[in-house]
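**Q** Below is the file query-v7.tsv, with TSV, C-alpha atoms and all ligand atoms.
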```tsv
chain	number	residue	atom	x	y	z
A	1458	MET	CA	81.97	101.97	25.21
A	1459	LYS	CA	83.82	105.27	24.57
A	1460	LEU	CA	81.70	106.21	21.59
A	1461	LEU	CA	78.48	105.66	23.53
A	1462	LEU	CA	79.78	107.63	26.50
A	1463	GLN	CA	80.82	110.56	24.33
A	1464	GLU	CA	77.70	110.69	22.13
A	1465	ALA	CA	75.26	110.28	25.03
A	1466	LYS	CA	76.99	113.20	26.74
A	1467	ARG	CA	76.25	115.39	23.70
A	1468	TRP	CA	72.57	114.77	24.39
A	1469	GLY	CA	73.00	115.65	28.06
A	1470	ILE	CA	72.97	112.01	29.19
A	1471	ASN	CA	75.95	111.51	31.50
A	1472	LEU	CA	76.64	107.83	32.00
A	1473	THR	CA	78.17	106.71	35.30
A	1474	PRO	CA	81.07	104.19	35.33
A	1475	GLU	CA	78.61	101.52	36.57
A	1476	GLN	CA	76.26	102.20	33.66
A	1477	VAL	CA	79.14	102.01	31.17
A	1478	GLU	CA	80.09	98.65	32.69
A	1479	SER	CA	76.49	97.45	32.28
A	1480	PHE	CA	76.59	98.38	28.58
A	1481	ARG	CA	79.91	96.53	28.21
A	1482	ILE	CA	78.38	93.37	29.70
A	1483	TYR	CA	75.26	93.85	27.51
A	1484	TYR	CA	77.52	93.99	24.42
A	1485	GLN	CA	79.42	90.85	25.44
A	1486	GLU	CA	76.24	88.88	26.06
A	1487	LEU	CA	74.70	90.09	22.79
A	1488	LEU	CA	77.76	88.73	20.98
A	1489	SER	CA	77.73	85.39	22.71
A	1490	TRP	CA	73.95	84.83	22.27
A	1491	HIS	CA	73.20	86.51	18.94
A	1492	GLU	CA	73.40	83.42	16.74
A	1493	ARG	CA	71.64	81.11	19.16
A	1494	ALA	CA	68.70	83.48	19.60
A	1495	SER	CA	68.79	85.39	16.25
A	1496	LEU	CA	69.16	88.62	18.18
A	1497	THR	CA	70.77	91.03	15.75
A	1498	THR	CA	72.76	91.30	12.56
A	1499	VAL	CA	74.67	94.29	13.94
A	1500	THR	CA	77.55	92.99	16.06
A	1501	ASP	CA	80.50	95.34	15.48
A	1502	PRO	CA	81.34	97.57	18.45
A	1503	GLU	CA	80.54	100.83	16.66
A	1504	GLY	CA	77.29	99.51	15.22
A	1505	VAL	CA	76.01	98.21	18.55
A	1506	GLN	CA	76.94	101.40	20.41
A	1507	ILE	CA	75.24	103.64	17.85
A	1508	GLN	CA	72.41	101.64	16.26
A	1509	HIS	CA	71.34	99.80	19.38
A	1510	PHE	CA	72.46	101.55	22.57
A	1511	LEU	CA	72.47	105.21	21.51
A	1512	ASP	CA	69.40	104.85	19.29
A	1513	SER	CA	67.55	103.35	22.28
A	1514	LEU	CA	68.66	106.19	24.56
A	1515	SER	CA	67.40	108.75	22.03
A	1516	CYS	CA	63.89	108.11	23.42
A	1517	LEU	CA	64.99	110.03	26.52
A	1518	LEU	CA	65.16	113.17	24.37
A	1519	VAL	CA	61.37	113.31	24.33
A	1520	LEU	CA	60.44	111.30	27.42
A	1521	GLU	CA	61.92	113.15	30.38
A	1522	PRO	CA	58.58	114.85	31.37
A	1523	TRP	CA	56.92	111.41	31.69
A	1524	LEU	CA	59.80	109.71	33.51
A	1525	LYS	CA	59.54	111.57	36.78
A	1526	GLY	CA	58.38	109.47	39.70
A	1527	GLY	CA	59.12	105.96	38.39
A	1528	ALA	CA	57.01	105.60	35.27
A	1529	ARG	CA	55.57	102.22	34.23
A	1530	VAL	CA	56.95	101.37	30.79
A	1531	ILE	CA	56.28	98.57	28.27
A	1532	ASP	CA	58.59	97.76	25.36
A	1533	ILE	CA	56.59	95.89	22.70
A	1534	GLY	CA	58.49	93.41	20.48
A	1535	THR	CA	61.67	94.24	22.38
A	1536	GLY	CA	63.85	91.58	20.69
A	1537	ALA	CA	67.25	91.82	22.40
A	1538	GLY	CA	65.89	94.54	24.71
A	1539	PHE	CA	65.78	97.60	22.45
A	1540	PRO	CA	64.95	100.30	23.31
A	1541	GLY	CA	63.69	99.37	26.81
A	1542	LEU	CA	66.77	97.87	28.47
A	1543	PRO	CA	69.28	100.64	27.66
A	1544	MET	CA	66.70	103.09	29.05
A	1545	LYS	CA	66.37	101.03	32.24
A	1546	ILE	CA	70.16	101.00	32.69
A	1547	VAL	CA	70.20	104.80	32.52
A	1548	ARG	CA	66.91	105.46	34.37
A	1549	PRO	CA	66.77	102.61	36.94
A	1550	GLY	CA	63.68	104.11	38.64
A	1551	ILE	CA	61.32	103.07	35.85
A	1552	SER	CA	59.36	99.84	36.13
A	1553	LEU	CA	59.75	97.97	32.84
A	1554	VAL	CA	57.88	95.20	31.04
A	1555	LEU	CA	59.73	93.64	28.11
A	1556	LEU	CA	57.20	91.94	25.81
A	1557	GLU	CA	58.52	89.56	23.17
A	1558	SER	CA	56.89	86.76	21.17
A	1559	THR	CA	60.04	84.67	20.50
A	1560	ARG	CA	60.93	82.41	23.40
A	1561	LYS	CA	64.69	82.28	22.82
A	1562	LYS	CA	64.88	86.07	22.91
A	1563	VAL	CA	62.97	86.09	26.20
A	1564	GLU	CA	65.49	83.56	27.60
A	1565	PHE	CA	68.30	85.93	26.59
A	1566	LEU	CA	66.52	88.87	28.25
A	1567	GLN	CA	65.97	86.91	31.48
A	1568	HIS	CA	69.64	85.90	31.54
A	1569	LEU	CA	70.82	89.47	30.92
A	1570	VAL	CA	68.48	91.13	33.42
A	1571	GLY	CA	69.74	88.68	36.08
A	1572	LEU	CA	73.37	89.26	35.17
A	1573	LEU	CA	72.99	93.04	35.31
A	1574	GLY	CA	71.13	92.76	38.63
A	1575	LEU	CA	68.30	95.01	37.39
A	1576	GLN	CA	65.29	95.32	39.70
A	1577	GLY	CA	61.81	96.15	38.43
A	1578	VAL	CA	62.01	94.42	35.05
A	1579	GLU	CA	59.45	91.80	34.01
A	1580	THR	CA	60.09	89.75	30.87
A	1581	VAL	CA	56.93	88.48	29.21
A	1582	TRP	CA	56.81	85.82	26.49
A	1583	GLY	CA	53.70	86.65	24.51
A	1584	ARG	CA	52.05	88.57	21.72
A	1585	ALA	CA	50.87	92.17	21.96
A	1586	GLU	CA	47.45	91.17	20.57
A	1587	GLU	CA	46.88	88.90	23.61
A	1588	ALA	CA	48.77	90.74	26.37
A	1589	GLY	CA	46.86	93.92	25.43
A	1590	HIS	CA	43.64	92.28	26.70
A	1591	GLU	CA	45.06	91.05	30.02
A	1592	PRO	CA	43.64	93.13	32.89
A	1593	ARG	CA	47.07	93.46	34.55
A	1594	PHE	CA	48.47	95.09	31.42
A	1595	ARG	CA	45.56	96.88	29.77
A	1596	ALA	CA	45.46	100.66	30.20
A	1597	SER	CA	48.12	100.41	32.91
A	1598	PHE	CA	51.27	101.97	31.41
A	1599	ASP	CA	52.55	105.56	31.32
A	1600	ILE	CA	54.85	104.86	28.39
A	1601	ALA	CA	54.90	102.35	25.52
A	1602	LEU	CA	57.93	101.84	23.30
A	1603	GLY	CA	58.25	100.01	20.00
A	1604	ARG	CA	61.15	99.92	17.59
A	1605	ALA	CA	61.01	98.05	14.29
A	1606	VAL	CA	57.74	96.33	15.17
A	1607	GLY	CA	55.70	96.56	12.00
A	1608	PRO	CA	54.16	99.46	10.09
A	1609	PHE	CA	53.01	102.47	12.12
A	1610	PRO	CA	49.24	101.63	12.20
A	1611	VAL	CA	50.10	98.11	13.41
A	1612	LEU	CA	52.27	99.47	16.21
A	1613	LEU	CA	49.45	101.86	17.18
A	1614	GLU	CA	47.03	98.95	17.49
A	1615	TYR	CA	49.53	97.00	19.62
A	1616	ALA	CA	50.51	99.92	21.84
A	1617	LEU	CA	47.51	102.18	22.56
A	1618	PRO	CA	45.51	99.53	24.47
A	1619	PHE	CA	48.39	99.28	27.00
A	1620	LEU	CA	48.41	103.01	27.82
A	1621	LYS	CA	46.62	104.92	30.54
A	1622	LEU	CA	44.81	108.08	29.42
A	1623	GLY	CA	47.51	110.74	29.11
A	1624	GLY	CA	50.20	108.09	28.57
A	1625	VAL	CA	52.46	108.18	25.52
A	1626	LEU	CA	53.82	105.87	22.86
A	1627	VAL	CA	57.26	106.69	21.49
A	1628	ALA	CA	57.53	105.11	18.06
A	1629	GLN	CA	61.02	105.10	16.56
A	1630	ARG	CA	60.61	105.38	12.83
A	1631	GLY	CA	62.96	105.65	9.86
A	1632	GLN	CA	62.84	107.64	6.63
A	1633	ALA	CA	59.27	106.64	5.84
A	1634	GLY	CA	58.17	108.07	9.20
A	1635	LYS	CA	56.58	111.25	7.95
A	1636	ARG	CA	54.55	109.58	5.20
A	1637	GLU	CA	53.41	106.79	7.52
A	1638	ILE	CA	52.07	109.33	9.98
A	1639	GLN	CA	49.85	110.90	7.34
A	1640	GLU	CA	48.44	107.46	6.57
A	1641	ALA	CA	47.68	106.70	10.22
A	1642	THR	CA	44.81	109.16	10.77
A	1643	LYS	CA	42.17	106.42	10.81
A	1644	ALA	CA	44.12	104.23	13.26
A	1645	LEU	CA	44.71	107.19	15.59
A	1646	ASP	CA	40.99	108.10	15.58
A	1647	LEU	CA	39.80	104.54	16.17
A	1648	LEU	CA	42.32	103.76	18.91
A	1649	GLY	CA	42.24	107.07	20.81
A	1650	GLY	CA	45.66	108.46	19.92
A	1651	GLN	CA	46.88	111.92	18.99
A	1652	ILE	CA	50.33	112.87	17.68
A	1653	LYS	CA	52.00	115.24	20.13
A	1654	GLN	CA	55.46	115.66	18.71
A	1655	ILE	CA	57.75	114.43	15.96
A	1656	ARG	CA	61.43	114.86	16.69
A	1657	GLU	CA	64.18	114.25	14.19
A	1658	VAL	CA	67.25	112.50	15.57
A	1659	LEU	CA	70.61	112.32	13.86
A	1660	LEU	CA	72.88	109.49	14.91
A	1661	PRO	CA	76.65	109.86	14.42
A	1662	ASN	CA	77.99	108.55	11.10
A	1663	ARG	CA	74.49	107.83	9.81
A	1664	ARG	CA	73.10	109.78	6.87
A	1665	GLU	CA	69.44	109.01	7.30
A	1666	PRO	CA	67.60	110.78	10.10
A	1667	ARG	CA	65.44	108.89	12.56
A	1668	TYR	CA	62.11	110.14	13.88
A	1669	LEU	CA	60.71	109.88	17.37
A	1670	VAL	CA	56.94	110.02	17.02
A	1671	VAL	CA	55.23	110.79	20.33
A	1672	VAL	CA	51.57	109.71	20.43
A	1673	GLU	CA	49.42	110.59	23.43
A	1674	LYS	CA	46.43	108.50	24.43
A	1675	VAL	CA	43.55	110.97	24.54
A	1676	ALA	CA	40.55	108.60	24.54
A	1677	ILE	CA	39.83	105.08	25.82
A	1678	THR	CA	40.69	102.38	23.25
A	1679	PRO	CA	37.57	100.31	22.35
A	1680	GLU	CA	37.62	96.77	23.80
A	1681	LYS	CA	37.79	95.11	20.39
A	1682	TYR	CA	41.37	96.34	19.91
A	1683	PRO	CA	43.87	94.86	19.50
A	1684	ARG	CA	42.23	92.36	17.15
A	1685	ARG	CA	43.17	88.64	17.11
A	1686	PRO	CA	46.86	87.62	16.69
A	1687	GLY	CA	48.01	88.36	13.16
A	1688	VAL	CA	44.97	90.46	12.17
A	1689	PRO	CA	46.54	93.91	12.87
A	1690	HIS	CA	49.37	92.97	10.52
A	1691	LYS	CA	47.16	91.42	7.81
A	1692	LYS	CA	44.53	94.15	7.88
A	1693	PRO	CA	46.10	97.34	9.25
A	1694	LEU	CA	43.72	100.14	10.26
A	1695	VAL	CA	44.32	102.40	7.24
B	1	LIG	N1	62.63	96.17	19.11
B	1	LIG	C1	63.79	95.38	18.80
B	1	LIG	C2	64.84	96.21	18.08
B	1	LIG	O1	64.52	97.30	17.63
B	1	LIG	O2	65.98	95.74	17.97
B	1	LIG	C3	63.43	94.13	17.96
B	1	LIG	C4	62.91	94.44	16.59
B	1	LIG	S1	62.53	92.98	15.67
B	1	LIG	C5	62.57	93.53	14.03
B	1	LIG	C6	60.80	92.77	16.01
B	1	LIG	C7	60.56	91.94	17.27
B	1	LIG	O3	59.18	91.98	17.60
B	1	LIG	C8	60.93	90.49	17.07
B	1	LIG	O4	61.79	90.10	18.11
B	1	LIG	C9	59.60	89.76	17.10
B	1	LIG	O5	59.74	88.47	17.67
B	1	LIG	C10	58.75	90.69	17.96
B	1	LIG	N2	57.32	90.67	17.65
B	1	LIG	C11	56.75	90.68	16.40
B	1	LIG	N3	55.41	90.70	16.50
B	1	LIG	C12	55.12	90.71	17.82
B	1	LIG	C13	53.87	90.72	18.56
B	1	LIG	N4	52.70	90.71	17.93
B	1	LIG	N5	53.95	90.73	19.90
B	1	LIG	C14	55.16	90.70	20.55
B	1	LIG	N6	56.34	90.68	19.92
B	1	LIG	C15	56.32	90.69	18.56
```
Could you take the file, read its structure, and then write that structure out as structure tokens?

**A**
Amino acid sequence: MKLLLQEAKRWGINLTPEQVESFRIYYQELLSWHERASLTTVTDPEGVQIQHFLDSLSCLLVLEPWLKGGARVIDIGTGAGFPGLPMKIVRPGISLVLLESTRKKVEFLQHLVGLLGLQGVETVWGRAEEAGHEPRFRASFDIALGRAVGPFPVLLEYALPFLKLGGVLVAQRGQAGKREIQEATKALDLLGGQIKQIREVLLPNRREPRYLVVVEKVAITPEKYPRRPGVPHKKPLV
């Protein structure tokens, strides 16, 4: 985990030996489960450290003001736990919900959370379109995360219902990020979101920049959102 340790340090994130050990175990378990649970196509040590662990930790570059005092965080479509679990390893005070619609991936997450002995993590097998209407989840989070979970307007429809007023979504987007944002005006208006910040992130040995798009919830999301399972994807709010 040398590469991770060194690159995180450049961002001011100093990993303790215990945290490095947690990432080593995470890597091992990812390797042994990845085929069984279709977790990731990236399995080489450099790729996992940069594209999964470091890319997940990049959210901390914009989130520190919201993380004080044990924020409540939801990671939507978390897959193998990205970006939520690396953030939990580094900021253990957060309370984290990992939401994932594929059962095998949830089994992996439950196994890993137990192995790492992490407290304050709930794994939920379900869809954002349904969980977003459950009273225990709706409008109850300070932070929502979502990486590689559909086009930007779809992610907005999944995420904004989960946030409290003043809470933020951090959407990790690729090259198309800037264009997508221009096309999301309607979704932002309808769902009660406002773009606060767009931060470019450069990962080591990667040419293409990544973008952290911070969206604040500034108005209550109407009850009808998110729409029924599959509808946000079929008919995005554009
Ligand atoms: N966020 C992870 C990452 O960046 O590595 C996983 C990304 S993967 C491309 C998208 C994940 O979202 C899949 O694991 C999929 O099962 C899950 N997913 C897709 N639609 C979802 C929904 N409506 N609700 C919850 N999870 C969903």

**Q** Which residues are near ligand LIG 1 (chain B) - at most 9 Å, using all atoms listed in the file? Format: as a PyMOL selection string.

**A** chain A and resi 1495-1497+1508-1509+1513+1532-1541+1556-1560+1562+1582-1588+1602-1607+1612+1615+1629+1686-1687+1689-1690

**Q** Which neighbours of region 1634-1647 of chain A fall inside 8 Å, counting all atoms listed in the file, when residues of the same chain fewer than 5 positions from it are skipped, and could you give them as a list in words?

**A**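 In the requested format, the answer is Pro1608, Phe1609, Pro1610, Leu1613, Glu1614, Tyr1668, Thr1678, Pro1679, Leu1694 and Val1695 of chain A.
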
**Q** Which residues of region 1511-1605 of chain A sit at most 10 Å from region 1469-1479 of chain A, using only C-alpha atoms? Give each one's shortest atom pair and distance in Å (one decimal place), in chain and ascending residue order, as a tab-separated table.

**A**
```
residue	atom	partner	partner_atom	distance
A:Leu1514	CA	A:Ile1470	CA	8.6
A:Ser1515	CA	A:Ile1470	CA	9.6
A:Leu1517	CA	A:Ile1470	CA	8.6
A:Leu1518	CA	A:Gly1469	CA	9.0
A:Pro1543	CA	A:Ser1479	CA	9.1
A:Ile1546	CA	A:Gln1476	CA	6.3
A:Val1547	CA	A:Gln1476	CA	6.7
A:Arg1548	CA	A:Gln1476	CA	9.9
A:Leu1569	CA	A:Ser1479	CA	9.9
A:Leu1572	CA	A:Ser1479	CA	9.2
A:Leu1573	CA	A:Ser1479	CA	6.4
A:Gly1574	CA	A:Ser1479	CA	9.5
A:Leu1575	CA	A:Ser1479	CA	10.0
```

**Q** Can those selected residues be exported to a file as a PDB file, in the coordinates of the input so that it contains C-alpha atoms?

**A**
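Result saved to result.pdb:
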```pdb
ATOM      1  CA  LEU A1514      68.660 106.190  24.560  1.00  0.00           C
ATOM      2  CA  SER A1515      67.400 108.750  22.030  1.00  0.00           C
ATOM      3  CA  LEU A1517      64.990 110.030  26.520  1.00  0.00           C
ATOM      4  CA  LEU A1518      65.160 113.170  24.370  1.00  0.00           C
ATOM      5  CA  PRO A1543      69.280 100.640  27.660  1.00  0.00           C
ATOM      6  CA  ILE A1546      70.160 101.000  32.690  1.00  0.00           C
ATOM      7  CA  VAL A1547      70.200 104.800  32.520  1.00  0.00           C
ATOM      8  CA  ARG A1548      66.910 105.460  34.370  1.00  0.00           C
ATOM      9  CA  LEU A1569      70.820  89.470  30.920  1.00  0.00           C
ATOM     10  CA  LEU A1572      73.370  89.260  35.170  1.00  0.00           C
ATOM     11  CA  LEU A1573      72.990  93.040  35.310  1.00  0.00           C
ATOM     12  CA  GLY A1574      71.130  92.760  38.630  1.00  0.00           C
ATOM     13  CA  LEU A1575      68.300  95.010  37.390  1.00  0.00           C
TER      14      LEU A1575
END
```

**Q** Restricting the calculation to all atoms listed in the file, which member of A:Leu1542, A:Ala1676, A:Val1519, A:Leu1524 is positioned closest to Gln1654 (chain A)?

**A**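 Checking each candidate against Gln1654 (chain A), we get A:Val1519 as the closest.
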
**Q** Restricting the calculation to only C-alpha atoms, which member of A:Phe1510, A:Trp1523, A:Phe1565, A:Phe1480 is positioned closest to Arg1493 (chain A)?

**A** A:Phe1565

**Q** Using all atoms listed in the file, which residue out of A:Lys1459, A:Gly1550, A:Pro1683, A:Lys1691 lies closest to Glu1591 (chain A)?

**A**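 Of A:Lys1459, A:Gly1550, A:Pro1683, A:Lys1691, the one nearest Glu1591 (chain A), counting all atoms listed in the file, is A:Pro1683.
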
**Q** Tell me, as a PyMOL selection string, which residues lie within 8 Å of Phe1619 (chain A), counting all atoms listed in the file; anything in the same chain fewer than 2 positions away does not count.

**A** chain A and resi 1589+1594-1598+1601+1615-1617+1621

**Q** Between CA of Gln1463 (chain A) and CA of Leu1488 (chain A), measure the distance and give it in Å to one decimal.

**A**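 Interatomic distance, CA of Gln1463 (chain A) to CA of Leu1488 (chain A): 22.3 Å.
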
**Q** What is the distance between CA of Cys1516 (chain A) and CA of Val1688 (chain A), in Å to one decimal?

**A**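 Computed distance, CA of Cys1516 (chain A) to CA of Val1688 (chain A), equals 28.2 Å.
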
**Q** Taking into account only C-alpha atoms, which residue in the set A:Val1499, A:Ala1465, A:Leu1626, A:Val1563 is nearest to Glu1579 (chain A)?

**A**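 Among A:Val1499, A:Ala1465, A:Leu1626, A:Val1563, it is A:Val1563 that comes nearest to Glu1579 (chain A).
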
**Q** With all atoms listed in the file as the basis for distance, which of A:Pro1661, A:Pro1618, A:Pro1666, A:Gly1631 is at the shortest distance from Leu1511 (chain A)?

**A** A:Pro1661

**Q** Hey, which of A:Leu1566, A:Leu1487, A:Leu1520, A:Leu1461 ends up closest to Gly1624 (chain A)? Count all atoms listed in the file.

**A**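 Between A:Leu1566, A:Leu1487, A:Leu1520, A:Leu1461, the residue approaching Gly1624 (chain A) most closely is A:Leu1520.
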
**Q** As an exercise, work out the distance from CA of Thr1580 (chain A) to CA of Leu1555 (chain A) in Å and give it to one decimal place.

**A**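 Between CA of Thr1580 (chain A) and CA of Leu1555 (chain A) the gap is 4.8 Å.
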
**Q** Output file request: region 1636-1666 of chain A, with N, CA and C atoms, as a compact mmCIF listing (two decimals), in the first residue's frame.

**A**
```txt
# COMPACT_ATOMS: atom_id res chain seq x y z
N ARG A 1636 -19.90 18.99 -19.19
CA ARG A 1636 -21.04 19.07 -20.09
C ARG A 1636 -22.31 18.59 -19.38
N GLU A 1637 -22.17 17.48 -18.66
CA GLU A 1637 -23.32 16.90 -17.96
C GLU A 1637 -23.96 17.89 -17.01
N ILE A 1638 -23.11 18.71 -16.39
CA ILE A 1638 -23.61 19.65 -15.39
C ILE A 1638 -24.50 20.70 -16.06
N GLN A 1639 -24.07 21.13 -17.26
CA GLN A 1639 -24.88 22.11 -17.98
C GLN A 1639 -26.25 21.54 -18.34
N GLU A 1640 -26.27 20.22 -18.57
CA GLU A 1640 -27.53 19.59 -18.97
C GLU A 1640 -28.42 19.23 -17.78
N ALA A 1641 -27.95 19.50 -16.57
CA ALA A 1641 -28.70 19.04 -15.39
C ALA A 1641 -29.50 20.15 -14.72
N THR A 1642 -29.64 21.30 -15.38
CA THR A 1642 -30.33 22.44 -14.76
C THR A 1642 -31.75 22.07 -14.33
N LYS A 1643 -32.46 21.37 -15.22
CA LYS A 1643 -33.85 21.03 -14.93
C LYS A 1643 -33.94 20.10 -13.71
N ALA A 1644 -33.07 19.08 -13.70
CA ALA A 1644 -33.08 18.12 -12.57
C ALA A 1644 -32.76 18.85 -11.26
N LEU A 1645 -31.80 19.74 -11.29
CA LEU A 1645 -31.43 20.48 -10.06
C LEU A 1645 -32.62 21.30 -9.57
N ASP A 1646 -33.30 22.00 -10.48
CA ASP A 1646 -34.45 22.83 -10.10
C ASP A 1646 -35.57 21.98 -9.51
N LEU A 1647 -35.88 20.88 -10.18
CA LEU A 1647 -37.01 20.05 -9.74
C LEU A 1647 -36.74 19.37 -8.40
N LEU A 1648 -35.47 19.00 -8.17
CA LEU A 1648 -35.15 18.19 -6.99
C LEU A 1648 -34.66 19.00 -5.80
N GLY A 1649 -34.39 20.29 -6.02
CA GLY A 1649 -33.96 21.15 -4.91
C GLY A 1649 -32.45 21.18 -4.70
N GLY A 1650 -31.69 21.04 -5.78
CA GLY A 1650 -30.22 21.05 -5.64
C GLY A 1650 -29.58 22.28 -6.27
N GLN A 1651 -28.41 22.61 -5.79
CA GLN A 1651 -27.66 23.74 -6.35
C GLN A 1651 -26.16 23.37 -6.34
N ILE A 1652 -25.50 23.59 -7.48
CA ILE A 1652 -24.07 23.25 -7.54
C ILE A 1652 -23.27 24.27 -6.74
N LYS A 1653 -22.47 23.77 -5.81
CA LYS A 1653 -21.68 24.62 -4.92
C LYS A 1653 -20.25 24.75 -5.38
N GLN A 1654 -19.72 23.66 -5.93
CA GLN A 1654 -18.30 23.64 -6.24
C GLN A 1654 -18.03 22.52 -7.25
N ILE A 1655 -17.09 22.78 -8.14
CA ILE A 1655 -16.60 21.70 -9.01
C ILE A 1655 -15.09 21.70 -8.86
N ARG A 1656 -14.55 20.60 -8.41
CA ARG A 1656 -13.10 20.55 -8.18
C ARG A 1656 -12.47 19.50 -9.08
N GLU A 1657 -11.46 19.93 -9.79
CA GLU A 1657 -10.74 18.98 -10.65
C GLU A 1657 -9.74 18.20 -9.79
N VAL A 1658 -9.67 16.90 -10.05
CA VAL A 1658 -8.71 16.06 -9.31
C VAL A 1658 -7.85 15.31 -10.32
N LEU A 1659 -6.55 15.35 -10.09
CA LEU A 1659 -5.65 14.59 -10.97
C LEU A 1659 -5.10 13.42 -10.18
N LEU A 1660 -5.32 12.23 -10.68
CA LEU A 1660 -4.78 11.04 -10.03
C LEU A 1660 -3.42 10.72 -10.65
N PRO A 1661 -2.48 10.16 -9.87
CA PRO A 1661 -1.16 9.85 -10.42
C PRO A 1661 -1.24 8.87 -11.59
N ASN A 1662 -0.43 9.10 -12.58
CA ASN A 1662 -0.34 8.25 -13.78
C ASN A 1662 -1.65 8.13 -14.56
N ARG A 1663 -2.54 9.09 -14.41
CA ARG A 1663 -3.78 9.08 -15.19
C ARG A 1663 -3.86 10.41 -15.93
N ARG A 1664 -4.10 10.33 -17.24
CA ARG A 1664 -4.12 11.56 -18.04
C ARG A 1664 -5.39 12.37 -17.83
N GLU A 1665 -6.50 11.66 -17.78
CA GLU A 1665 -7.79 12.35 -17.73
C GLU A 1665 -8.10 12.86 -16.32
N PRO A 1666 -8.49 14.12 -16.21
CA PRO A 1666 -8.86 14.59 -14.87
C PRO A 1666 -10.21 14.02 -14.43
```
